[in-house]
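Here the structure comes first, spelled out in structure tokens, and everything after it is commentary.
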Amino acid sequence: YEVVCSNVGNIDAPFKIVPPPSRFGADFEVTPNEGAIKPGELQVLRVVFDSTQLGEFDEHLALDISGLGDSESAPSTRFSGTVIPPTFRMLRDTFDFGTVAYNFTTEATNVLINTSLVPLNFRLRLPAELTESGHFSISPTTGTLEPGAETTIALQLNPRLVGFYDLFVVVDVINTADALLTVPVIATCAVPSITLNTSTVDFGRCFLGCEYTQTVLLSNSSGLPASYELVLSLIHI
């Protein structure tokens with residue numbers, strides 16, 4: 001913004017900007033912040049407001065005129081407004097994995113959209129204990145979205161706990177505010193039901209040094225992928 005000051009007196013008016021001693025006072029920068037205005041002349045002051053704090057502000061920037069004496073009669077300009085964070089949203093309300101198989105990696109995606117008129121510097125995070133243990137990973141974890149831009153968020157799950165996962169993906173706006181958006185993660189880890197359909201394998205009489213082959217039938221009726229390992233146990237007769 002620009003503020004125009006005029007000297008309607010008959011002598012020079014040395015001035016200095018007095019920032020308000022308030023929460024948002026330090027967020028104003030005035031150029032020039034001091035000088036002198038000759039009689040009948042104008043002085044343009046350029047005011048820049050740049051804040052990393054959220055909330056409403058109502059400030060008065062006063063000119064300290066040398067020799068004026070009474071500070072209450074110093075000319076001032078009122079600035080008011082509201083500092084808001086960038087607006088954004090996820091395309092879907094949740095990361096929904098449904099039911100997943102134990103120890104099988106799967107992925108759910110979502111789309112982060114910057115709906116504001118300024119760039120969005122974002123950070124995505126999950127509970128530390130689940131990322132450090134390798135249950136979850138997310139990509140990207142940080143980034144910048146230009147106004148109106150979007151990016152795909154990929155959340156990978158390698159389930160190692162049987163049961164229901166109850167957690168959130170948290171979205172922070174860097175240098176502005178944390179946890180401005182939380183997106184639920186829905187997943188249930190189950191162990192597939194595997195049936196060994198062959199109870200006995202009878203090789204009959206076998207000749208020494210000859211190889212014989214039989215088959216064992218397994219069936220998976222769960223609809224989930226399953227990994228298996230056959231372990232032979234020796235029975236001494």
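Following the order of the structure tokens, chains are lettered A, B, ..., residues in each are numbered from 1, and ligands are numbered from 1.
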
Return as a PyMOL selection string the full set of residues in region 11-152 of chain A whose backbone-based DSSP assignment is strand (DSSP E). chain A and resi 13-18+28-31+34-37+42-49+55-65+76-83+88-90+95-101+106-114+120-125+136-139+142-145+150-152

Just the selected residues (C-alpha atoms), exported as a PDB file, in the first residue's frame, please.
ATOM      1  CA  ALA A  13       8.678  18.347   9.053  1.00  0.00           C
ATOM      2  CA  PRO A  14      11.212  15.691  10.146  1.00  0.00           C
ATOM      3  CA  PHE A  15       9.366  12.429  10.734  1.00  0.00           C
ATOM      4  CA  LYS A  16       9.934   8.865  11.857  1.00  0.00           C
ATOM      5  CA  ILE A  17       7.546   5.913  11.662  1.00  0.00           C
ATOM      6  CA  VAL A  18       6.512   4.513  15.029  1.00  0.00           C
ATOM      7  CA  PHE A  28       4.756  -3.915   8.850  1.00  0.00           C
ATOM      8  CA  GLU A  29       7.633  -2.455   6.854  1.00  0.00           C
ATOM      9  CA  VAL A  30       7.468   1.201   5.836  1.00  0.00           C
ATOM     10  CA  THR A  31       9.780   2.758   3.249  1.00  0.00           C
ATOM     11  CA  GLU A  34      12.141   8.343   8.439  1.00  0.00           C
ATOM     12  CA  GLY A  35      12.950  11.568   6.635  1.00  0.00           C
ATOM     13  CA  ALA A  36      11.823  15.188   6.286  1.00  0.00           C
ATOM     14  CA  ILE A  37       9.006  16.728   4.259  1.00  0.00           C
ATOM     15  CA  LEU A  42       4.370  15.377  -0.541  1.00  0.00           C
ATOM     16  CA  GLN A  43       6.013  12.206   0.703  1.00  0.00           C
ATOM     17  CA  VAL A  44       4.846   8.784  -0.459  1.00  0.00           C
ATOM     18  CA  LEU A  45       5.288   5.990   2.085  1.00  0.00           C
ATOM     19  CA  ARG A  46       5.246   2.416   0.844  1.00  0.00           C
ATOM     20  CA  VAL A  47       3.771   0.023   3.390  1.00  0.00           C
ATOM     21  CA  VAL A  48       4.388  -3.732   3.110  1.00  0.00           C
ATOM     22  CA  PHE A  49       2.586  -6.196   5.379  1.00  0.00           C
ATOM     23  CA  GLY A  55      -5.645 -13.889  12.970  1.00  0.00           C
ATOM     24  CA  GLU A  56      -7.242 -10.458  12.760  1.00  0.00           C
ATOM     25  CA  PHE A  57      -5.228  -7.255  13.010  1.00  0.00           C
ATOM     26  CA  ASP A  58      -6.173  -3.627  13.553  1.00  0.00           C
ATOM     27  CA  GLU A  59      -3.096  -1.404  13.742  1.00  0.00           C
ATOM     28  CA  HIS A  60      -2.281   2.311  13.627  1.00  0.00           C
ATOM     29  CA  LEU A  61       1.029   3.387  12.061  1.00  0.00           C
ATOM     30  CA  ALA A  62       1.890   6.804  13.411  1.00  0.00           C
ATOM     31  CA  LEU A  63       4.334   9.478  12.184  1.00  0.00           C
ATOM     32  CA  ASP A  64       6.484  10.846  14.975  1.00  0.00           C
ATOM     33  CA  ILE A  65       6.918  14.496  13.933  1.00  0.00           C
ATOM     34  CA  SER A  76      -1.531   8.013  11.756  1.00  0.00           C
ATOM     35  CA  THR A  77      -3.050   5.546   9.311  1.00  0.00           C
ATOM     36  CA  ARG A  78      -5.165   2.586  10.338  1.00  0.00           C
ATOM     37  CA  PHE A  79      -4.561  -0.838   8.785  1.00  0.00           C
ATOM     38  CA  SER A  80      -6.931  -3.729   9.438  1.00  0.00           C
ATOM     39  CA  GLY A  81      -7.535  -7.153   8.016  1.00  0.00           C
ATOM     40  CA  THR A  82      -7.328 -10.885   8.642  1.00  0.00           C
ATOM     41  CA  VAL A  83      -4.380 -13.201   8.018  1.00  0.00           C
ATOM     42  CA  PHE A  88      -6.702 -26.573   0.251  1.00  0.00           C
ATOM     43  CA  ARG A  89      -8.507 -29.901   0.323  1.00  0.00           C
ATOM     44  CA  MET A  90      -8.168 -33.592  -0.375  1.00  0.00           C
ATOM     45  CA  PHE A  95      -7.425 -43.153   2.503  1.00  0.00           C
ATOM     46  CA  ASP A  96      -9.507 -46.337   2.335  1.00  0.00           C
ATOM     47  CA  PHE A  97      -7.564 -49.613   2.044  1.00  0.00           C
ATOM     48  CA  GLY A  98     -10.499 -51.836   2.936  1.00  0.00           C
ATOM     49  CA  THR A  99      -9.440 -55.305   4.109  1.00  0.00           C
ATOM     50  CA  VAL A 100      -5.830 -56.203   3.351  1.00  0.00           C
ATOM     51  CA  ALA A 101      -3.781 -59.372   3.764  1.00  0.00           C
ATOM     52  CA  THR A 106      -0.777 -52.286  -0.805  1.00  0.00           C
ATOM     53  CA  GLU A 107      -1.298 -48.642  -1.781  1.00  0.00           C
ATOM     54  CA  ALA A 108      -4.075 -46.075  -1.522  1.00  0.00           C
ATOM     55  CA  THR A 109      -3.953 -42.694  -3.259  1.00  0.00           C
ATOM     56  CA  ASN A 110      -5.567 -39.319  -2.830  1.00  0.00           C
ATOM     57  CA  VAL A 111      -5.181 -35.903  -4.448  1.00  0.00           C
ATOM     58  CA  LEU A 112      -4.141 -32.736  -2.589  1.00  0.00           C
ATOM     59  CA  ILE A 113      -5.565 -29.606  -4.249  1.00  0.00           C
ATOM     60  CA  ASN A 114      -4.507 -26.004  -3.619  1.00  0.00           C
ATOM     61  CA  LEU A 120       0.871 -23.856  -0.709  1.00  0.00           C
ATOM     62  CA  ASN A 121       3.965 -25.169   1.091  1.00  0.00           C
ATOM     63  CA  PHE A 122       2.751 -28.401   2.634  1.00  0.00           C
ATOM     64  CA  ARG A 123       4.056 -31.200   4.841  1.00  0.00           C
ATOM     65  CA  LEU A 124       2.409 -34.614   5.284  1.00  0.00           C
ATOM     66  CA  ARG A 125       3.023 -36.780   8.321  1.00  0.00           C
ATOM     67  CA  PHE A 136       3.327 -47.037   6.520  1.00  0.00           C
ATOM     68  CA  SER A 137       5.157 -44.765   4.103  1.00  0.00           C
ATOM     69  CA  ILE A 138       3.842 -41.682   2.311  1.00  0.00           C
ATOM     70  CA  SER A 139       5.025 -39.838  -0.781  1.00  0.00           C
ATOM     71  CA  THR A 142       6.666 -32.157   1.491  1.00  0.00           C
ATOM     72  CA  GLY A 143       6.159 -29.947  -1.518  1.00  0.00           C
ATOM     73  CA  THR A 144       4.863 -26.692  -2.979  1.00  0.00           C
ATOM     74  CA  LEU A 145       1.650 -26.353  -4.955  1.00  0.00           C
ATOM     75  CA  GLU A 150      -2.783 -30.501  -7.400  1.00  0.00           C
ATOM     76  CA  THR A 151      -0.598 -33.514  -6.654  1.00  0.00           C
ATOM     77  CA  THR A 152      -1.226 -37.214  -6.083  1.00  0.00           C
TER      78      THR A 152
END

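For Lys38 (chain A), the non-local neighbours within 7 Å, defined as residues at least 3 positions apart in the same chain or in other chains and counting only C-alpha atoms, are A:Asn7, A:Ile11, A:Asp12, A:Ala13, A:Glu41.
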
Picked from region 38-169 of chain A by DSSP as alpha helix (DSSP H), as a PyMOL selection string: chain A and resi 128-132

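In terms of minimum interatomic distance to Val8 (chain A), A:Gly40 ranks closest within A:Gly25, A:Ile194, A:Gly40, A:Gln156, counting only C-alpha atoms.
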
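Reported to one decimal place, the separation of CA of Leu217 (chain A) from CA of Phe104 (chain A) is 22.3 Å.
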
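Of the listed residues (A:Thr94, A:Arg205, A:Ser233, A:Ser133), A:Thr94 comes nearest to Val169 (chain A); the distances count only C-alpha atoms.
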
If we count only C-alpha atoms, what is near Tyr212 (chain A) at a cut-off of 12 Å, once residues fewer than 6 positions away on the same chain are taken out, given as a list in words? Val201, Asp202, Phe203, Gly204, Arg205 and Cys206 of chain A

I'd like the contact shell of region 175-192 of chain A - 8 Å cut-off, only C-alpha atoms, skipping same-chain residues fewer than 2 positions apart - returned as number ranges by chain. A: 52-54, 85, 89, 93-102, 159-173, 194, 220-226

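Between CA of Ser116 (chain A) and CA of Thr141 (chain A) the separation is 20.2 Å.
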